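Q: Please see the structure below; I have some questions.
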Amino acid sequence: DVRAYDPSTGRTIDGIDGDGRVNRNSGAESTIHTLLTMLALDARPDVAALAAQSEVVERVGSLALEAENAIATGGATVVTPDSAWTGEALFSGAYASLPPGGGLRWQLPPSERARLVLPVVNLHPDSLARTRWRGDGRPLGDVVHRTVGEQGASPAPGALLPVTLPGELPAHASELSVVASGGEAIIDTVMLEPLVSRLVLRGEGGTTAVLRSAAHAPQTASVALPGTGPAIVEVYDARGVLRSRTKTTDVTVRVTVLPGGFTTVQR
């Protein structure tokens with residue numbers, strides 16, 4: 001474990017790089033974010049107590065698929081750059097270069113729920129590339145690689161960004177694929193985000209589950225909450241407004257998660 005905050009100096013590290021190395025830089029954003037978080041926790045001791053729960057019982061969240069781990073077709077190649085720095089962002093390591101007609105194919109771990117697909121691609125205003133994405137053969141959407149904002153203060157004219165596809169990867173999908181057309185397409189990573197992500201933590205004060213929605217419609221989910229006594233379920237909307245508060249004695253709790261909102265369960 002690496003300490004991210006030094007209480008004697010107030011210094012906070014920037015985070016963890018894509019290759020797993022600890023970034024020991026300490027910028028203003030990291031320090032301000034940490035101090036604001038500490039102020040918020042000081043103002044809410046009950047939330048601070050929940051934050052101190054350290055044993056992870058269950059975690060269901062984003063999954064990263066590296067382009068270099070895919071099956072390459074049609075002349076697609078893996079490129080390991082001399083420097084991961086693009087002038088604007090960092091590649092996660094190697095990336096895939098797809099000529100027109102080139103493609104990638106990933107075998108997917110099972111999931112009982114639909115997932116959003118977010119390719120991380122190098123967008124450039126001069127790019128002629130378009131990539132077409134499919135899940136188990138079903139169209140998920142296209143990415144136009146020249147669609148990027150004005151350059152601004154960055155020394156690079158393009159941007160390495162995740163792009164959310166309009167279609168959802170269906171539950172139990174076993175394969176994700178992409179084919180390029182028009183020009184060279186550079187793909188770094190693909191993020192898969194469940195429509196409902198969750199984190200279940202256990203500590204001396206009990207067990208807490210947080211479920212977050214990335215869906216456009218209400219979702220239902222079941223969460224097993226270890227412990228004794230009743231469980232309190234609080235449902236919040238996308239603005240963070242509490243919409244309902246109920247109590248149940250069920251061990252496995254079935255909850256509703258509102259679009260863009262989150263639900264907490266505490267026992």
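Following the order of the structure tokens, first chain is A, next is B, and so on, with residues numbered from 1 inside each chain and ligands from 1 in the order they appear.
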From a backbone DSSP assignment, name each residue in segment 4-200 of chain A labelled alpha helix (DSSP H), as a list in words.

A: Ala28, Glu29, Ser30, Thr31, Ile32, His33, Thr34, Leu35, Leu36, Thr37, Met38, Leu39, Ala40, Leu41, Asp42, Ala43, Pro45, Asp46, Val47, Ala48, Ala49, Leu50 and Ala51 of chain A

Q: Among the residues of segment 14-246 of chain A, find those DSSP assigns to strand (DSSP E or B) from the backbone and print them as number ranges by chain.

A: A: 15-16, 22-23, 55-60, 63-66, 71-73, 77-79, 85, 90, 95-98, 103-107, 115-123, 130-135, 138-144, 159-162, 168-169, 175-181, 185-194, 196-203, 206-213, 219-224, 231-236, 242-246

Q: Neighbouring residues of segment 197-211 of chain A were defined as those with any atom within 6 Å, considering only C-alpha atoms; residues of the same chain fewer than 3 positions away were excluded. Please report them as a PyMOL selection string.

A: chain A and resi 53+55-61+194+262-267

Q: Keeping only N, CA and C atoms, write those residues as a short mmCIF file (atom, residue, chain, number, x, y, z; two decimals), in the first residue's frame.

A:
data_model
loop_
_atom_site.label_atom_id
_atom_site.label_comp_id
_atom_site.auth_asym_id
_atom_site.auth_seq_id
_atom_site.Cartn_x
_atom_site.Cartn_y
_atom_site.Cartn_z
N GLN A 53 -14.80 2.09 6.49
CA GLN A 53 -14.98 0.66 6.32
C GLN A 53 -14.03 0.17 5.23
N GLU A 55 -12.99 -3.41 4.43
CA GLU A 55 -13.02 -4.73 3.81
C GLU A 55 -13.99 -4.73 2.63
N VAL A 56 -13.48 -5.02 1.45
CA VAL A 56 -14.33 -5.07 0.27
C VAL A 56 -15.00 -6.43 0.18
N VAL A 57 -16.32 -6.45 0.28
CA VAL A 57 -17.08 -7.69 0.17
C VAL A 57 -17.38 -8.01 -1.29
N GLU A 58 -17.72 -6.98 -2.06
CA GLU A 58 -18.04 -7.18 -3.48
C GLU A 58 -17.76 -5.89 -4.24
N ARG A 59 -17.23 -6.03 -5.44
CA ARG A 59 -17.00 -4.87 -6.30
C ARG A 59 -17.37 -5.24 -7.73
N VAL A 60 -18.28 -4.51 -8.31
CA VAL A 60 -18.66 -4.69 -9.71
C VAL A 60 -18.55 -3.32 -10.37
N GLY A 61 -17.56 -3.17 -11.24
CA GLY A 61 -17.32 -1.86 -11.84
C GLY A 61 -16.76 -1.98 -13.23
N PRO A 194 -20.70 -1.44 -16.41
CA PRO A 194 -22.02 -2.02 -16.18
C PRO A 194 -23.07 -0.93 -16.01
N PHE A 262 -27.97 7.01 -7.60
CA PHE A 262 -27.34 5.95 -6.80
C PHE A 262 -28.24 5.56 -5.66
N THR A 263 -28.01 4.37 -5.15
CA THR A 263 -28.79 3.82 -4.04
C THR A 263 -27.81 3.28 -2.99
N THR A 264 -28.07 3.57 -1.73
CA THR A 264 -27.25 3.03 -0.64
C THR A 264 -28.08 2.07 0.19
N VAL A 265 -27.40 1.04 0.68
CA VAL A 265 -28.04 0.07 1.58
C VAL A 265 -27.09 -0.11 2.76
N GLN A 266 -27.61 0.10 3.98
CA GLN A 266 -26.79 -0.01 5.17
C GLN A 266 -27.44 -0.96 6.18
N ARG A 267 -26.60 -1.87 6.71
CA ARG A 267 -27.08 -2.77 7.76
C ARG A 267 -26.12 -2.73 8.93
#

Q: Need to verify the contact set: segment 181-192 of chain A, 10 Å, only C-alpha atoms, exclusion of same-chain residues closer than 5 positions in sequence. Can you return it as a ChimeraX atom specification?

A: /A:61-70,76-79,90-104,106,108,114-124,127-132,143-145,160-164,168-169,176

Q: Neighbours of segment 226-237 of chain A within 8 Å (only C-alpha atoms; same-chain residues fewer than 3 positions away dropped), as a ChimeraX atom specification?

A: /A:206-207,240-251,255-267

Q: Show which residues sit within 7 Å of Ala173 of chain A, as a ChimeraX atom specification. Count only C-alpha atoms, and ignore same-chain residues fewer than 3 positions away.

A: /A:110,135-136,169-170

Q: Take the selection from the previous step and output its residues with N, CA, C and O atoms, as a PDB file, in the first residue's frame.

A:
ATOM      1  N   PRO A 110     -17.977 -13.175 -18.703  1.00  0.00           N
ATOM      2  CA  PRO A 110     -19.447 -13.151 -18.647  1.00  0.00           C
ATOM      3  C   PRO A 110     -19.966 -12.022 -17.776  1.00  0.00           C
ATOM      4  O   PRO A 110     -19.316 -11.577 -16.827  1.00  0.00           O
ATOM      5  N   GLY A 135     -21.142  -6.034 -30.819  1.00  0.00           N
ATOM      6  CA  GLY A 135     -21.108  -6.960 -29.695  1.00  0.00           C
ATOM      7  C   GLY A 135     -21.880  -8.213 -30.041  1.00  0.00           C
ATOM      8  O   GLY A 135     -23.087  -8.126 -30.313  1.00  0.00           O
ATOM      9  N   ASP A 136     -21.199  -9.346 -30.089  1.00  0.00           N
ATOM     10  CA  ASP A 136     -21.819 -10.594 -30.550  1.00  0.00           C
ATOM     11  C   ASP A 136     -22.503 -10.403 -31.899  1.00  0.00           C
ATOM     12  O   ASP A 136     -23.594 -10.940 -32.154  1.00  0.00           O
ATOM     13  N   LEU A 169     -23.832  -3.110 -24.863  1.00  0.00           N
ATOM     14  CA  LEU A 169     -23.386  -4.485 -25.008  1.00  0.00           C
ATOM     15  C   LEU A 169     -24.368  -5.373 -24.246  1.00  0.00           C
ATOM     16  O   LEU A 169     -24.550  -5.196 -23.040  1.00  0.00           O
ATOM     17  N   PRO A 170     -25.048  -6.298 -24.918  1.00  0.00           N
ATOM     18  CA  PRO A 170     -26.099  -7.052 -24.226  1.00  0.00           C
ATOM     19  C   PRO A 170     -25.544  -7.966 -23.137  1.00  0.00           C
ATOM     20  O   PRO A 170     -24.370  -8.351 -23.158  1.00  0.00           O
TER      21      PRO A 170
END

Q: So which one's closest to His172 of chain A, A:Pro109, A:Gly158, A:Pro139, A:Pro125? Using only C-alpha atoms, please.

A: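 For His172 of chain A, the nearest of the candidates is A:Pro109.
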
Q: Quick check, in Å to one decimal: how far apart do atom CA of Leu165 of chain A and atom CA of Pro81 of chain A lie?

A: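 Pair atom CA of Leu165 of chain A / atom CA of Pro81 of chain A returns 26.7 Å.
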
Q: So, counting only C-alpha atoms, which residue among A:Asp82, A:Glu150, A:Glu193, A:Asp46 is closest to Ala171 of chain A?

A: A:Glu193

Q: Atom CA of Ala89 of chain A and atom CA of Ser154 of chain A are how many Å apart?

A: 9.7 Å

Q: Using only C-alpha atoms, find each residue in segment 22-84 of chain A having at least one atom no more than 7 Å away from segment 6-14 of chain A; report its shortest atom-to-atom pair and that distance in Å (one decimal), rows by chain then rising number, as CSV.

A:
residue,atom,partner,partner_atom,distance
A:Asn23,CA,A:Asp14,CA,5.7
A:Arg24,CA,A:Ile13,CA,5.0
A:Asn25,CA,A:Asp14,CA,5.4
A:Ser26,CA,A:Ile13,CA,4.7
A:Gly27,CA,A:Asp14,CA,6.4
A:Ser30,CA,A:Asp14,CA,5.5
A:Thr31,CA,A:Thr12,CA,5.3
